[in-house]
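Dumped coords-v4.pdb below, it's PDB, C-alpha atoms, pLDDT in the B column:
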ATOM      1  CA  MET A   1       0.000   0.000   0.000  1.00 61.00           C
ATOM      2  CA  GLU A   2       1.207   3.521  -0.695  1.00 69.00           C
ATOM      3  CA  LYS A   3       2.486   5.176   2.455  1.00 83.00           C
ATOM      4  CA  ASN A   4      -0.043   8.034   2.207  1.00 91.00           C
ATOM      5  CA  ARG A   5      -3.053   5.716   1.718  1.00 95.00           C
ATOM      6  CA  MET A   6      -4.568   2.963   3.829  1.00 96.00           C
ATOM      7  CA  LYS A   7      -7.112   0.179   3.700  1.00 97.00           C
ATOM      8  CA  VAL A   8     -10.081   0.589   6.078  1.00 98.00           C
ATOM      9  CA  LEU A   9     -13.279  -1.344   6.794  1.00 98.00           C
ATOM     10  CA  VAL A  10     -16.271   0.943   6.187  1.00 98.00           C
ATOM     11  CA  PHE A  11     -19.676   0.490   7.848  1.00 95.00           C
ATOM     12  CA  GLU A  12     -22.586   2.382   6.289  1.00 94.00           C
ATOM     13  CA  PRO A  13     -26.123   2.223   7.724  1.00 91.00           C
ATOM     14  CA  GLY A  14     -28.157  -0.625   6.250  1.00 91.00           C
ATOM     15  CA  GLN A  15     -25.241  -2.061   4.241  1.00 94.00           C
ATOM     16  CA  GLU A  16     -22.674  -4.809   4.625  1.00 95.00           C
ATOM     17  CA  PRO A  17     -19.193  -3.625   5.669  1.00 96.00           C
ATOM     18  CA  HIS A  18     -16.776  -3.111   2.773  1.00 97.00           C
ATOM     19  CA  VAL A  19     -13.116  -2.285   2.267  1.00 97.00           C
ATOM     20  CA  GLU A  20     -12.032   1.106   0.923  1.00 97.00           C
ATOM     21  CA  ILE A  21      -8.633   2.622   0.332  1.00 97.00           C
ATOM     22  CA  ILE A  22      -8.476   6.206   1.578  1.00 97.00           C
ATOM     23  CA  ASN A  23      -5.894   8.932   2.021  1.00 96.00           C
ATOM     24  CA  LYS A  24      -4.186   9.098   5.416  1.00 94.00           C
ATOM     25  CA  ASP A  25      -5.348  12.574   6.326  1.00 94.00           C
ATOM     26  CA  GLU A  26      -8.010  14.113   8.486  1.00 94.00           C
ATOM     27  CA  GLY A  27      -9.842  15.613   5.495  1.00 96.00           C
ATOM     28  CA  ALA A  28     -10.376  12.150   3.994  1.00 96.00           C
ATOM     29  CA  TYR A  29     -11.567  10.832   7.355  1.00 96.00           C
ATOM     30  CA  ARG A  30     -14.072  13.704   7.720  1.00 96.00           C
ATOM     31  CA  GLU A  31     -15.346  13.182   4.185  1.00 96.00           C
ATOM     32  CA  LEU A  32     -15.927   9.480   4.801  1.00 96.00           C
ATOM     33  CA  VAL A  33     -17.828   9.932   8.089  1.00 94.00           C
ATOM     34  CA  GLY A  34     -19.642  13.089   7.038  1.00 91.00           C
ATOM     35  CA  GLY A  35     -18.203  15.658   9.427  1.00 92.00           C
ATOM     36  CA  PRO A  36     -15.995  16.063  12.484  1.00 93.00           C
ATOM     37  CA  ILE A  37     -14.185  12.910  13.525  1.00 93.00           C
ATOM     38  CA  THR A  38     -13.805  11.087  16.791  1.00 91.00           C
ATOM     39  CA  ALA A  39     -11.311   8.203  17.001  1.00 92.00           C
ATOM     40  CA  LYS A  40     -11.403   5.683  19.839  1.00 91.00           C
ATOM     41  CA  PRO A  41      -9.679   2.354  20.407  1.00 91.00           C
ATOM     42  CA  LEU A  42     -11.887  -0.733  20.219  1.00 90.00           C
ATOM     43  CA  ASP A  43      -9.116  -3.067  21.341  1.00 88.00           C
ATOM     44  CA  ASP A  44      -5.317  -3.051  21.510  1.00 86.00           C
ATOM     45  CA  ASN A  45      -4.861  -2.640  17.749  1.00 91.00           C
ATOM     46  CA  THR A  46      -8.201  -1.497  16.277  1.00 93.00           C
ATOM     47  CA  VAL A  47      -9.523   2.052  16.140  1.00 94.00           C
ATOM     48  CA  ILE A  48     -13.045   3.203  15.247  1.00 94.00           C
ATOM     49  CA  VAL A  49     -13.365   6.575  13.499  1.00 95.00           C
ATOM     50  CA  TYR A  50     -16.824   8.148  13.435  1.00 93.00           C
ATOM     51  CA  ASN A  51     -18.770  11.399  13.542  1.00 90.00           C
ATOM     52  CA  ASP A  52     -19.823  11.771  17.177  1.00 82.00           C
ATOM     53  CA  ILE A  53     -22.146  14.672  16.351  1.00 82.00           C
ATOM     54  CA  LYS A  54     -24.324  12.399  14.202  1.00 65.00           C
ATOM     55  CA  SER A  55     -24.660  10.000  17.134  1.00 60.00           C
ATOM     56  CA  GLU A  56     -25.608  12.881  19.430  1.00 59.00           C
ATOM     57  CA  GLU A  57     -28.157  14.220  16.919  1.00 61.00           C
ATOM     58  CA  ASN A  58     -29.888  10.841  16.671  1.00 63.00           C
ATOM     59  CA  ALA A  59     -29.054  10.397  12.983  1.00 70.00           C
ATOM     60  CA  ARG A  60     -29.879   7.048  11.430  1.00 74.00           C
ATOM     61  CA  PRO A  61     -28.440   4.383  13.778  1.00 78.00           C
ATOM     62  CA  ASN A  62     -25.819   2.188  12.188  1.00 85.00           C
ATOM     63  CA  ARG A  63     -24.497  -0.423  14.625  1.00 88.00           C
ATOM     64  CA  TRP A  64     -23.905  -1.201  18.274  1.00 85.00           C
ATOM     65  CA  VAL A  65     -20.130  -0.953  18.801  1.00 85.00           C
ATOM     66  CA  GLY A  66     -18.128  -0.963  22.015  1.00 78.00           C
ATOM     67  CA  GLY A  67     -21.132  -0.365  24.255  1.00 80.00           C
ATOM     68  CA  ALA A  68     -22.654   2.485  22.209  1.00 81.00           C
ATOM     69  CA  ILE A  69     -24.885   2.943  19.189  1.00 83.00           C
ATOM     70  CA  ILE A  70     -22.922   4.592  16.385  1.00 88.00           C
ATOM     71  CA  SER A  71     -24.977   6.606  13.883  1.00 87.00           C
ATOM     72  CA  GLY A  72     -23.926   7.387  10.342  1.00 90.00           C
ATOM     73  CA  THR A  73     -20.943   5.969   8.485  1.00 93.00           C
ATOM     74  CA  PHE A  74     -17.853   4.924  10.418  1.00 94.00           C
ATOM     75  CA  PHE A  75     -14.676   3.014   9.659  1.00 97.00           C
ATOM     76  CA  LEU A  76     -12.191   0.753  11.386  1.00 96.00           C
ATOM     77  CA  ALA A  77      -8.426   0.914  10.965  1.00 97.00           C
ATOM     78  CA  SER A  78      -5.414  -0.603  12.661  1.00 96.00           C
ATOM     79  CA  SER A  79      -3.166   1.263  15.082  1.00 91.00           C
ATOM     80  CA  ASP A  80      -0.065  -0.358  16.513  1.00 76.00           C
ATOM     81  CA  ASP A  81       0.948   2.623  18.621  1.00 71.00           C
ATOM     82  CA  GLY A  82      -2.483   3.949  19.589  1.00 60.00           C
ATOM     83  CA  GLU A  83      -2.060   7.121  17.521  1.00 68.00           C
ATOM     84  CA  LYS A  84      -1.198   6.626  13.846  1.00 87.00           C
ATOM     85  CA  LEU A  85      -3.794   4.808  11.773  1.00 93.00           C
ATOM     86  CA  SER A  86      -2.732   2.120   9.320  1.00 94.00           C
ATOM     87  CA  ASP A  87      -4.137  -0.618   7.083  1.00 96.00           C
ATOM     88  CA  ILE A  88      -6.722  -2.793   8.730  1.00 97.00           C
ATOM     89  CA  LYS A  89      -5.421  -6.348   9.062  1.00 96.00           C
ATOM     90  CA  PRO A  90      -7.202  -9.425   7.658  1.00 96.00           C
ATOM     91  CA  TYR A  91      -7.827 -10.840  11.151  1.00 95.00           C
ATOM     92  CA  GLN A  92      -9.493  -7.531  12.167  1.00 94.00           C
ATOM     93  CA  MET A  93     -11.727  -7.561   9.083  1.00 94.00           C
ATOM     94  CA  GLN A  94     -12.773 -11.119   9.874  1.00 94.00           C
ATOM     95  CA  TYR A  95     -13.435 -10.376  13.546  1.00 92.00           C
ATOM     96  CA  TYR A  96     -15.428  -7.190  13.009  1.00 89.00           C
TER      97      TYR A  96
END
Exercise: express the given structure as structure tokens:
Amino acid sequence: MEKNRMKVLVFEPGQEPHVEIINKDEGAYRELVGGPITAKPLDDNTVIVYNDIKSEENARPNRWVGGAIISGTFFLASSDDGEKLSDIKPYQMQYY
């Protein structure tokens, strides 16, 4: 994978998850989730990136993740150091 792009697992409301390759920058993340981003760890190596405002505004619910209902589109990526996002791994795609 190019160093400025990464593979993520995208979850859109009412659809099956799918893989997309996106730019590694905040603008691309905001475009994908439809606004301001929030990133939180789901486990030691997986991060969820979503638009927290949509969840607060009761937008169309998407899925129950990590003890909360996430509304709108979100994506999962890998993070080995807890900060930088990277390609989601095959085992993560299978698990989630």
Residue with the minimum atom-to-atom distance to Gln15 of chain A, picked from A:Thr73, A:Gln94, A:Thr38, A:Ser78 with only C-alpha atoms counted, is A:Thr73
Given only C-alpha atoms as the counted atoms, nearest of A:Gly34, A:Thr46, A:Phe74, A:Pro41 to Glu12 of chain A: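 Among A:Gly34, A:Thr46, A:Phe74, A:Pro41, it is A:Phe74 that comes nearest to Glu12 of chain A.
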Would you translate the PyMOL selection byres ((chain A and resi 29) around 12) into the concrete set of residues it matches in this file, as a count of residues only? 33
Have a look at atom CA of Lys7 of chain A and atom CA of Tyr95 of chain A and let me know their distance in Å, one decimal.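 Between these atoms lies a distance of 15.8 Å.
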| Computed interatomic separation between atom CA of Lys3 of chain A and atom CA of Asp87 of chain A (Å) |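 Rounded to one decimal, the two atoms are 9.9 Å apart.
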Using the chain letters and numbers from the file, which residues does the PyMOL selection byres ((chain A and resi 61) around 10) grab, as a PDB file with C-alpha atoms, in the coordinates of the input?
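See out25.pdb below for the written result:
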ATOM      1  CA  GLU A  12     -22.586   2.382   6.289  1.00 94.00           C
ATOM      2  CA  PRO A  13     -26.123   2.223   7.724  1.00 91.00           C
ATOM      3  CA  GLY A  14     -28.157  -0.625   6.250  1.00 91.00           C
ATOM      4  CA  LYS A  54     -24.324  12.399  14.202  1.00 65.00           C
ATOM      5  CA  SER A  55     -24.660  10.000  17.134  1.00 60.00           C
ATOM      6  CA  ASN A  58     -29.888  10.841  16.671  1.00 63.00           C
ATOM      7  CA  ALA A  59     -29.054  10.397  12.983  1.00 70.00           C
ATOM      8  CA  ARG A  60     -29.879   7.048  11.430  1.00 74.00           C
ATOM      9  CA  ASN A  62     -25.819   2.188  12.188  1.00 85.00           C
ATOM     10  CA  ARG A  63     -24.497  -0.423  14.625  1.00 88.00           C
ATOM     11  CA  TRP A  64     -23.905  -1.201  18.274  1.00 85.00           C
ATOM     12  CA  ILE A  69     -24.885   2.943  19.189  1.00 83.00           C
ATOM     13  CA  ILE A  70     -22.922   4.592  16.385  1.00 88.00           C
ATOM     14  CA  SER A  71     -24.977   6.606  13.883  1.00 87.00           C
ATOM     15  CA  GLY A  72     -23.926   7.387  10.342  1.00 90.00           C
ATOM     16  CA  THR A  73     -20.943   5.969   8.485  1.00 93.00           C
TER      17      THR A  73
END
The distance between atom CA of Ser79 of chain A and atom CA of Val47 of chain A is 6.5 Å
Looking at only C-alpha atoms, which of A:Glu16, A:Asp52, A:Phe11, A:Asn4 is the one that sits closest to Lys84 of chain A?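 When distances to Lys84 of chain A are compared using only C-alpha atoms, the smallest one comes from A:Asn4.
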Quick one: what's the axis-aligned box for segment 49-53 of chain A, all listed atoms, 8 Å on every side, centre and edges in Å to one decimal, as AutoDock Vina command-line options?
--center_x -17.8 --center_y 10.6 --center_z 15.3 --size_x 24.8 --size_y 24.1 --size_z 19.7
Which residue out of A:Asp80, A:His18, A:Pro90, A:Lys40 has the minimum interatomic distance to Gly66 of chain A when all atoms listed in the file are used?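 Ranking A:Asp80, A:His18, A:Pro90, A:Lys40 by distance to Gly66 of chain A, first place goes to A:Lys40.
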